[in-house]
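First the structure, in the form of structure tokens, and then the observations on it.
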Amino acid sequence: MVVLKSAAEIATMREVGRVVAQTLRAVSEAAVPGVTLLELDELARTMLAEHGAKSSFLHYHPSFAPVPYPGVLCLSVNDAIVHGIPDRRRLEPGDLLSIDFGAHIDGYHGDAAVTVGVGEIDAAAQRLSDTCREALDAGIAAARPGNRLGDISHAVQTVCRAARYGMPTGYGGHGIGTAMHEDPHLPNEGRPGRGLPLRPGLVLAIEPMVVESGSDRHRLQRDGWTVSTVDGSRAAHWEHSVAITDDGPVILTAL
Ligand code: MF3
Ligand code: CO
């Protein structure tokens with residue numbers, strides 16, 4: 001069921017969105033060579049406490065997962081696409097790191113992700129991340145009344161495919177509000193002019209993922225959570241929670 005949000009609810013979601021953005025910025029700055037993924041998770045936990053917010057991810061237990069999610073961040077390094085679990089791994093110079101973070105305040109959730117380089121990264125990694133970010137921007141630009149869900153999917157897909165990148169089959173964005181994952185599912189590929197009409201009050205997490213080799217295939221690691229490429233090729237992932245309003249898209253998870 002698709003639930004539209006009132007202006008007051010969107011204002012609350014803007015508040016938690018700002019906490020998500022601030023945390024992503026702090027974790028991005030802390031993601032330097034030598035730091036462990038668990039140390040980054042600890043930083044995010046501290047920031048949640050400081051802002052009186054709660055994690056959307058910790059203990060989340062969807063039916064596909066063998067165990068509840070153990071962290072407050074998803075940290076996906078190099079060939080990990082999404083849902084990497086923070087562990088004792090140390091970041092190395094040249095690593096490409098996706099940082100995904102969700103939080104809730106007063107029962108309303110925000111969800112966003114960035115991809116950052118650890119130290120110096122090569123030009124191909126930078127292009128991968130930049131293209132994914134551009135795909136997100138294109139998706140956001142299409143998130144306006146009068147358009148349909150397929151227009152967002154198509155905008156995302158067009159940017160990713162023009163660069164000849166892979167897009168993990170079946171993964172995409174989602175509605176967000178009083179739950180982190182709400183209807184509708186938002187595929188990262190679709191046909192323009194098709195699907196749910198976009199109306200003011202619809203709030204969506206838009207989240208393109210791209211794979212450097214061009215492969216759409218992915219596999220689940222033995223931890224039951226981490227989704228990786230099958231060929232060892234690197235991936236990038238960007239995400240914002242976006243409200244559709246009469247004035248167009250409003251990025252809730254911006255600073
Ligand atoms: N941004 C991710 C998603 O929408 C966050 C889920 S991570 C989980 O799928 F650990 F909570 F599952
Ligand atoms: Co999400």
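By convention in this document, the chains of the structure tokens carry letters A, B, ... by their order, each chain's residues are numbered from 1, and ligands are numbered from 1 in the order they are shown.
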Identify all residues of region 35-233 of chain A in strand (DSSP E or B) (DSSP on the backbone) and supply them as number ranges by chain. A: 36, 54-55, 73-77, 80-82, 90, 96-105, 108-117, 145, 147-148, 166, 172-175, 182-187, 197, 203-206, 209-211, 218-220, 227-229
Need the shell around Thr12 (chain A): protein/DNA/RNA residues with any atom at most 12 Å away, counting only C-alpha atoms. Skip same-chain ones fewer than 2 positions apart. Format as a JSON list (two decimals) with C-alpha atoms, in the first residue's frame?
[["chain", "number", "residue", "atom", "x", "y", "z"],
["A", 5, "LYS", "CA", 2.75, 11.96, 3.61],
["A", 6, "SER", "CA", 1.41, 15.30, 4.83],
["A", 7, "ALA", "CA", 3.54, 18.46, 4.82],
["A", 8, "ALA", "CA", 4.04, 18.02, 8.60],
["A", 9, "GLU", "CA", 5.25, 14.45, 8.14],
["A", 10, "ILE", "CA", 7.63, 15.56, 5.39],
["A", 14, "ARG", "CA", 13.54, 16.46, 6.68],
["A", 15, "GLU", "CA", 14.78, 16.60, 10.28],
["A", 16, "VAL", "CA", 15.87, 12.99, 10.42],
["A", 17, "GLY", "CA", 17.22, 13.33, 6.89],
["A", 18, "ARG", "CA", 19.56, 16.05, 8.05],
["A", 19, "VAL", "CA", 20.90, 13.75, 10.79],
["A", 104, "HIS", "CA", 14.47, 7.36, 12.49],
["A", 105, "ILE", "CA", 13.14, 10.12, 14.75],
["A", 106, "ASP", "CA", 9.54, 10.18, 16.06],
["A", 107, "GLY", "CA", 8.86, 7.09, 13.95],
["A", 108, "TYR", "CA", 9.92, 8.59, 10.60],
["A", 109, "HIS", "CA", 12.86, 7.20, 8.65],
["A", 110, "GLY", "CA", 15.59, 8.62, 6.45],
["A", 177, "GLY", "CA", 8.14, 6.82, 5.84],
["A", 178, "THR", "CA", 7.05, 5.16, 9.09],
["A", 243, "ALA", "CA", 9.79, 13.88, -1.23],
["A", 252, "LEU", "CA", 15.26, 15.09, 2.55],
["A", 253, "THR", "CA", 18.72, 13.62, 3.22]]
For ligand 2, which of A:Gly119, A:Gly71, A:Gly172, A:Pro86 is the closest residue, counting only C-alpha atoms and all ligand atoms?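 The shortest atom-to-atom distance to ligand 2 comes from A:Gly172.
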At most 6 Å from ligand 2 (only C-alpha atoms and all ligand atoms): residue list as a short mmCIF file (atom, residue, chain, number, x, y, z; two decimals) with N, CA and C atoms, in the first residue's frame:
data_model
loop_
_atom_site.label_atom_id
_atom_site.label_comp_id
_atom_site.auth_asym_id
_atom_site.auth_seq_id
_atom_site.Cartn_x
_atom_site.Cartn_y
_atom_site.Cartn_z
N ASP A 111 16.98 7.54 4.77
CA ASP A 111 17.87 6.50 4.25
C ASP A 111 18.68 7.12 3.11
N GLY A 173 15.20 1.11 -5.48
CA GLY A 173 14.81 1.93 -4.34
C GLY A 173 13.45 1.51 -3.81
N ALA A 205 13.00 6.51 -1.58
CA ALA A 205 14.46 6.38 -1.54
C ALA A 205 14.89 5.92 -2.93
#
Using only C-alpha atoms and all ligand atoms, what table do you get, as CSV, when you list each residue of chain A with an atom no more than 7 Å from ligand 1, its nearest pair of atoms, and their distance in Å rounded to one decimal, rows by chain then rising number?
residue,atom,partner,partner_atom_place_in_ligand_line,distance
A:Ser56,CA,ligand 1,11 (F),6.3
A:Phe57,CA,ligand 1,11 (F),3.6
A:Leu58,CA,ligand 1,11 (F),6.7
A:Tyr60,CA,ligand 1,11 (F),5.4
A:Tyr69,CA,ligand 1,10 (F),5.1
A:Cys74,CA,ligand 1,7 (S),6.1
A:His83,CA,ligand 1,7 (S),5.5
A:Asp100,CA,ligand 1,1 (N),5.7
A:Phe101,CA,ligand 1,1 (N),6.7
A:Gly102,CA,ligand 1,5 (C),6.6
A:Asp111,CA,ligand 1,1 (N),5.8
A:Ala112,CA,ligand 1,1 (N),6.3
A:Ala113,CA,ligand 1,1 (N),6.8
A:Gly173,CA,ligand 1,4 (O),6.4
A:His174,CA,ligand 1,4 (O),6.9
A:His181,CA,ligand 1,4 (O),6.7
For the selection just defined, write its residues with N, CA and C atoms to a file, as an mmCIF file, in the first residue's frame.
data_model
loop_
_atom_site.group_PDB
_atom_site.id
_atom_site.type_symbol
_atom_site.label_atom_id
_atom_site.label_comp_id
_atom_site.auth_asym_id
_atom_site.auth_seq_id
_atom_site.Cartn_x
_atom_site.Cartn_y
_atom_site.Cartn_z
ATOM 1 N N SER A 56 17.835 2.699 11.671
ATOM 2 C CA SER A 56 16.841 1.942 10.892
ATOM 3 C C SER A 56 17.354 0.547 10.558
ATOM 4 N N PHE A 57 18.672 0.363 10.606
ATOM 5 C CA PHE A 57 19.274 -0.884 10.128
ATOM 6 C C PHE A 57 19.477 -1.914 11.242
ATOM 7 N N LEU A 58 19.910 -1.449 12.428
ATOM 8 C CA LEU A 58 20.280 -2.360 13.514
ATOM 9 C C LEU A 58 19.104 -3.281 13.863
ATOM 10 N N TYR A 60 17.407 -5.066 11.991
ATOM 11 C CA TYR A 60 16.444 -5.242 10.891
ATOM 12 C C TYR A 60 16.540 -6.671 10.392
ATOM 13 N N TYR A 69 20.231 -7.698 11.060
ATOM 14 C CA TYR A 69 21.393 -6.892 10.669
ATOM 15 C C TYR A 69 22.117 -6.405 11.923
ATOM 16 N N CYS A 74 25.766 0.201 6.555
ATOM 17 C CA CYS A 74 26.207 -0.812 5.592
ATOM 18 C C CYS A 74 27.470 -0.253 4.942
ATOM 19 N N HIS A 83 24.975 -3.631 1.409
ATOM 20 C CA HIS A 83 24.698 -4.420 2.619
ATOM 21 C C HIS A 83 25.926 -5.095 3.205
ATOM 22 N N ASP A 100 26.171 3.376 3.628
ATOM 23 C CA ASP A 100 24.703 3.462 3.584
ATOM 24 C C ASP A 100 24.225 3.590 5.029
ATOM 25 N N PHE A 101 23.318 4.535 5.274
ATOM 26 C CA PHE A 101 22.913 4.820 6.649
ATOM 27 C C PHE A 101 21.429 5.178 6.706
ATOM 28 N N GLY A 102 20.732 4.596 7.686
ATOM 29 C CA GLY A 102 19.327 4.918 7.884
ATOM 30 C C GLY A 102 19.058 5.187 9.354
ATOM 31 N N ASP A 111 16.980 7.538 4.768
ATOM 32 C CA ASP A 111 17.874 6.499 4.248
ATOM 33 C C ASP A 111 18.680 7.122 3.113
ATOM 34 N N ALA A 112 20.008 7.033 3.196
ATOM 35 C CA ALA A 112 20.838 7.619 2.139
ATOM 36 C C ALA A 112 22.176 6.899 2.089
ATOM 37 N N ALA A 113 22.861 7.020 0.961
ATOM 38 C CA ALA A 113 24.167 6.386 0.798
ATOM 39 C C ALA A 113 25.059 7.245 -0.088
ATOM 40 N N GLY A 173 15.200 1.114 -5.484
ATOM 41 C CA GLY A 173 14.806 1.933 -4.345
ATOM 42 C C GLY A 173 13.450 1.510 -3.807
ATOM 43 N N HIS A 174 12.851 2.397 -2.988
ATOM 44 C CA HIS A 174 11.646 2.009 -2.245
ATOM 45 C C HIS A 174 10.967 3.233 -1.660
ATOM 46 N N HIS A 181 11.380 0.501 4.587
ATOM 47 C CA HIS A 181 10.982 -0.035 3.284
ATOM 48 C C HIS A 181 9.469 -0.036 3.182
#
Could you list, as JSON, numbers by chain, every residue within 8 Å of Asp95 (chain A), counting only C-alpha atoms and ignoring same-chain residues fewer than 6 positions away? {"A": [77, 78, 117, 118, 119, 121]}
Residues near Ser76 (chain A), cut-off 10 Å, only C-alpha atoms, skip fewer than 4 positions along chain, as a VMD selection string: chain A and resid 37 80 to 86 96 to 100 115 226 to 228 235 to 237
Output for the residues just chosen: C-alpha atoms as an mmCIF file, in the first residue's frame:
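To be explicit, this is the file written out as again.cif:
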data_model
loop_
_atom_site.group_PDB
_atom_site.id
_atom_site.type_symbol
_atom_site.label_atom_id
_atom_site.label_comp_id
_atom_site.auth_asym_id
_atom_site.auth_seq_id
_atom_site.Cartn_x
_atom_site.Cartn_y
_atom_site.Cartn_z
ATOM 1 C CA LEU A 37 34.828 -0.699 9.429
ATOM 2 C CA ALA A 80 30.714 -5.441 -2.439
ATOM 3 C CA ILE A 81 27.676 -3.698 -3.964
ATOM 4 C CA VAL A 82 25.419 -3.166 -0.927
ATOM 5 C CA HIS A 83 24.698 -4.420 2.619
ATOM 6 C CA GLY A 84 28.323 -5.014 3.629
ATOM 7 C CA ILE A 85 28.550 -5.707 7.385
ATOM 8 C CA PRO A 86 31.026 -3.591 9.403
ATOM 9 C CA LEU A 96 36.107 2.309 -3.033
ATOM 10 C CA LEU A 97 33.650 2.412 -0.111
ATOM 11 C CA SER A 98 29.858 2.679 -0.179
ATOM 12 C CA ILE A 99 28.447 4.029 3.091
ATOM 13 C CA ASP A 100 24.703 3.462 3.584
ATOM 14 C CA THR A 115 30.391 6.240 -2.300
ATOM 15 C CA THR A 226 26.716 -8.715 1.711
ATOM 16 C CA VAL A 227 25.760 -8.514 -1.970
ATOM 17 C CA SER A 228 28.860 -8.689 -4.198
ATOM 18 C CA ALA A 235 30.626 -1.293 -7.561
ATOM 19 C CA ALA A 236 29.279 2.100 -6.515
ATOM 20 C CA HIS A 237 26.018 3.038 -4.773
#
Could you please write out, as an MDAnalysis selection string, every residue of region 61-203 of chain A that DSSP assigns to helix (DSSP H, G or I)? chainID A and resid 123:141 149:162
Writing out the chosen residues with N, CA and C atoms as an mmCIF file, in the first residue's frame:
data_model
loop_
_atom_site.group_PDB
_atom_site.id
_atom_site.type_symbol
_atom_site.label_atom_id
_atom_site.label_comp_id
_atom_site.auth_asym_id
_atom_site.auth_seq_id
_atom_site.Cartn_x
_atom_site.Cartn_y
_atom_site.Cartn_z
ATOM 1 N N ALA A 123 41.275 6.676 -11.652
ATOM 2 C CA ALA A 123 40.295 7.449 -12.430
ATOM 3 C C ALA A 123 39.056 6.624 -12.741
ATOM 4 N N ALA A 124 39.239 5.319 -12.965
ATOM 5 C CA ALA A 124 38.087 4.453 -13.292
ATOM 6 C C ALA A 124 37.130 4.365 -12.102
ATOM 7 N N ALA A 125 37.664 4.296 -10.895
ATOM 8 C CA ALA A 125 36.818 4.242 -9.695
ATOM 9 C C ALA A 125 36.073 5.558 -9.520
ATOM 10 N N GLN A 126 36.764 6.655 -9.767
ATOM 11 C CA GLN A 126 36.130 7.972 -9.645
ATOM 12 C C GLN A 126 34.990 8.115 -10.649
ATOM 13 N N ARG A 127 35.217 7.633 -11.867
ATOM 14 C CA ARG A 127 34.196 7.724 -12.912
ATOM 15 C C ARG A 127 32.982 6.859 -12.553
ATOM 16 N N LEU A 128 33.261 5.685 -11.975
ATOM 17 C CA LEU A 128 32.182 4.779 -11.551
ATOM 18 C C LEU A 128 31.280 5.459 -10.521
ATOM 19 N N SER A 129 31.920 6.057 -9.510
ATOM 20 C CA SER A 129 31.150 6.724 -8.464
ATOM 21 C C SER A 129 30.426 7.955 -9.010
ATOM 22 N N ASP A 130 31.134 8.754 -9.830
ATOM 23 C CA ASP A 130 30.530 9.975 -10.386
ATOM 24 C C ASP A 130 29.309 9.653 -11.243
ATOM 25 N N THR A 131 29.406 8.582 -12.031
ATOM 26 C CA THR A 131 28.293 8.203 -12.905
ATOM 27 C C THR A 131 27.090 7.778 -12.074
ATOM 28 N N CYS A 132 27.350 7.031 -11.003
ATOM 29 C CA CYS A 132 26.263 6.586 -10.130
ATOM 30 C C CYS A 132 25.580 7.789 -9.483
ATOM 31 N N ARG A 133 26.374 8.757 -9.059
ATOM 32 C CA ARG A 133 25.840 9.994 -8.482
ATOM 33 C C ARG A 133 24.993 10.758 -9.505
ATOM 34 N N GLU A 134 25.473 10.789 -10.767
ATOM 35 C CA GLU A 134 24.713 11.446 -11.845
ATOM 36 C C GLU A 134 23.387 10.721 -12.096
ATOM 37 N N ALA A 135 23.419 9.390 -11.995
ATOM 38 C CA ALA A 135 22.186 8.609 -12.173
ATOM 39 C C ALA A 135 21.191 8.959 -11.067
ATOM 40 N N LEU A 136 21.689 9.128 -9.845
ATOM 41 C CA LEU A 136 20.826 9.538 -8.739
ATOM 42 C C LEU A 136 20.228 10.913 -9.023
ATOM 43 N N ASP A 137 21.062 11.847 -9.461
ATOM 44 C CA ASP A 137 20.578 13.205 -9.757
ATOM 45 C C ASP A 137 19.502 13.174 -10.847
ATOM 46 N N ALA A 138 19.719 12.327 -11.864
ATOM 47 C CA ALA A 138 18.737 12.220 -12.951
ATOM 48 C C ALA A 138 17.429 11.645 -12.426
ATOM 49 N N GLY A 139 17.528 10.656 -11.543
ATOM 50 C CA GLY A 139 16.330 10.063 -10.940
ATOM 51 C C GLY A 139 15.571 11.086 -10.115
ATOM 52 N N ILE A 140 16.310 11.881 -9.342
ATOM 53 C CA ILE A 140 15.679 12.909 -8.506
ATOM 54 C C ILE A 140 14.965 13.938 -9.387
ATOM 55 N N ALA A 141 15.607 14.328 -10.478
ATOM 56 C CA ALA A 141 15.017 15.342 -11.369
ATOM 57 C C ALA A 141 13.695 14.857 -11.964
ATOM 58 N N LEU A 149 6.346 6.484 -11.980
ATOM 59 C CA LEU A 149 7.490 5.784 -11.383
ATOM 60 C C LEU A 149 8.505 5.366 -12.456
ATOM 61 N N GLY A 150 8.002 4.896 -13.600
ATOM 62 C CA GLY A 150 8.889 4.454 -14.675
ATOM 63 C C GLY A 150 9.788 5.558 -15.207
ATOM 64 N N ASP A 151 9.371 6.808 -15.050
ATOM 65 C CA ASP A 151 10.215 7.922 -15.503
ATOM 66 C C ASP A 151 11.466 8.035 -14.633
ATOM 67 N N ILE A 152 11.321 7.769 -13.329
ATOM 68 C CA ILE A 152 12.495 7.787 -12.442
ATOM 69 C C ILE A 152 13.424 6.625 -12.817
ATOM 70 N N SER A 153 12.852 5.420 -12.925
ATOM 71 C CA SER A 153 13.649 4.241 -13.274
ATOM 72 C C SER A 153 14.395 4.466 -14.582
ATOM 73 N N HIS A 154 13.679 4.999 -15.558
ATOM 74 C CA HIS A 154 14.277 5.192 -16.877
ATOM 75 C C HIS A 154 15.414 6.216 -16.831
ATOM 76 N N ALA A 155 15.235 7.269 -16.042
ATOM 77 C CA ALA A 155 16.271 8.297 -15.923
ATOM 78 C C ALA A 155 17.543 7.708 -15.307
ATOM 79 N N VAL A 156 17.370 6.883 -14.271
ATOM 80 C CA VAL A 156 18.508 6.226 -13.611
ATOM 81 C C VAL A 156 19.219 5.296 -14.595
ATOM 82 N N GLN A 157 18.429 4.465 -15.222
ATOM 83 C CA GLN A 157 18.953 3.457 -16.156
ATOM 84 C C GLN A 157 19.731 4.103 -17.301
ATOM 85 N N THR A 158 19.199 5.183 -17.840
ATOM 86 C CA THR A 158 19.806 5.805 -19.016
ATOM 87 C C THR A 158 21.237 6.254 -18.710
ATOM 88 N N VAL A 159 21.452 6.859 -17.552
ATOM 89 C CA VAL A 159 22.793 7.331 -17.188
ATOM 90 C C VAL A 159 23.736 6.142 -16.983
ATOM 91 N N CYS A 160 23.276 5.117 -16.278
ATOM 92 C CA CYS A 160 24.146 3.959 -15.961
ATOM 93 C C CYS A 160 24.495 3.178 -17.224
ATOM 94 N N ARG A 161 23.502 2.966 -18.078
ATOM 95 C CA ARG A 161 23.736 2.155 -19.287
ATOM 96 C C ARG A 161 24.549 2.908 -20.331
ATOM 97 N N ALA A 162 24.387 4.237 -20.385
ATOM 98 C CA ALA A 162 25.188 5.024 -21.336
ATOM 99 C C ALA A 162 26.675 4.848 -21.047
#
Atomic distance CA of Leu40 (chain A) - CA of Gly166 (chain A), expressed in Å with one decimal: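 That distance, rounded to one decimal, is 28.2 Å.
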How many Å separate CA of Glu39 (chain A) from CA of Ala179 (chain A)?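 Distance between the two atoms: 27.1 Å.
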In Å, rounded to a single decimal, give me how far CA of Leu75 (chain A) is from CA of Thr229 (chain A). 14.8 Å
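Using only C-alpha atoms, the residues found no farther than 12 Å from Pro66 (chain A), other than those of its own chain fewer than 5 positions away, are His59, Tyr60, His61, Leu220, Gln221, Arg222, Asp223, Gly224, Trp225 and Thr226 of chain A.
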Which residue out of A:Arg88, A:Arg191, A:Arg199, A:Arg234 has the minimum interatomic distance to Val211 (chain A) when only C-alpha atoms are used?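 Smallest distance to Val211 (chain A) is found for A:Arg234.
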Counting only C-alpha atoms, the residue of A:Ser233, A:His185, A:Asp216, A:Ile244 that sits nearest Val2 (chain A):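 Counting only C-alpha atoms, the residue closest to Val2 (chain A) is A:His185.
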Pick from A:Arg89, A:His240, A:Arg144, A:Arg217, whichever lies nearest to Tyr165 (chain A) using only C-alpha atoms: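 Between A:Arg89, A:His240, A:Arg144, A:Arg217, the residue approaching Tyr165 (chain A) most closely is A:Arg217.
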Go through A:Leu186, A:Ala26, A:Met180, A:Val67 and flag the residue nearest Met13 (chain A), using only C-alpha atoms for the distances.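 Smallest separation from Met13 (chain A) among the options: A:Met180.
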Shell of 6 Å around Leu204 (chain A), only C-alpha atoms, local chain residues under 3 positions omitted, as a list of chain:residue names: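 Residues meeting the cut-off are A:His174, A:Gly175, A:Ile176, A:Ser241, A:Val242.
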Please save C-alpha atoms of the selected residues as an mmCIF file, in the first residue's frame.
data_model
loop_
_atom_site.group_PDB
_atom_site.id
_atom_site.type_symbol
_atom_site.label_atom_id
_atom_site.label_comp_id
_atom_site.auth_asym_id
_atom_site.auth_seq_id
_atom_site.Cartn_x
_atom_site.Cartn_y
_atom_site.Cartn_z
ATOM 1 C CA HIS A 174 11.646 2.009 -2.245
ATOM 2 C CA GLY A 175 9.006 4.069 -0.562
ATOM 3 C CA ILE A 176 10.003 5.334 2.890
ATOM 4 C CA SER A 241 15.348 9.977 0.357
ATOM 5 C CA VAL A 242 13.259 12.382 -1.758
#
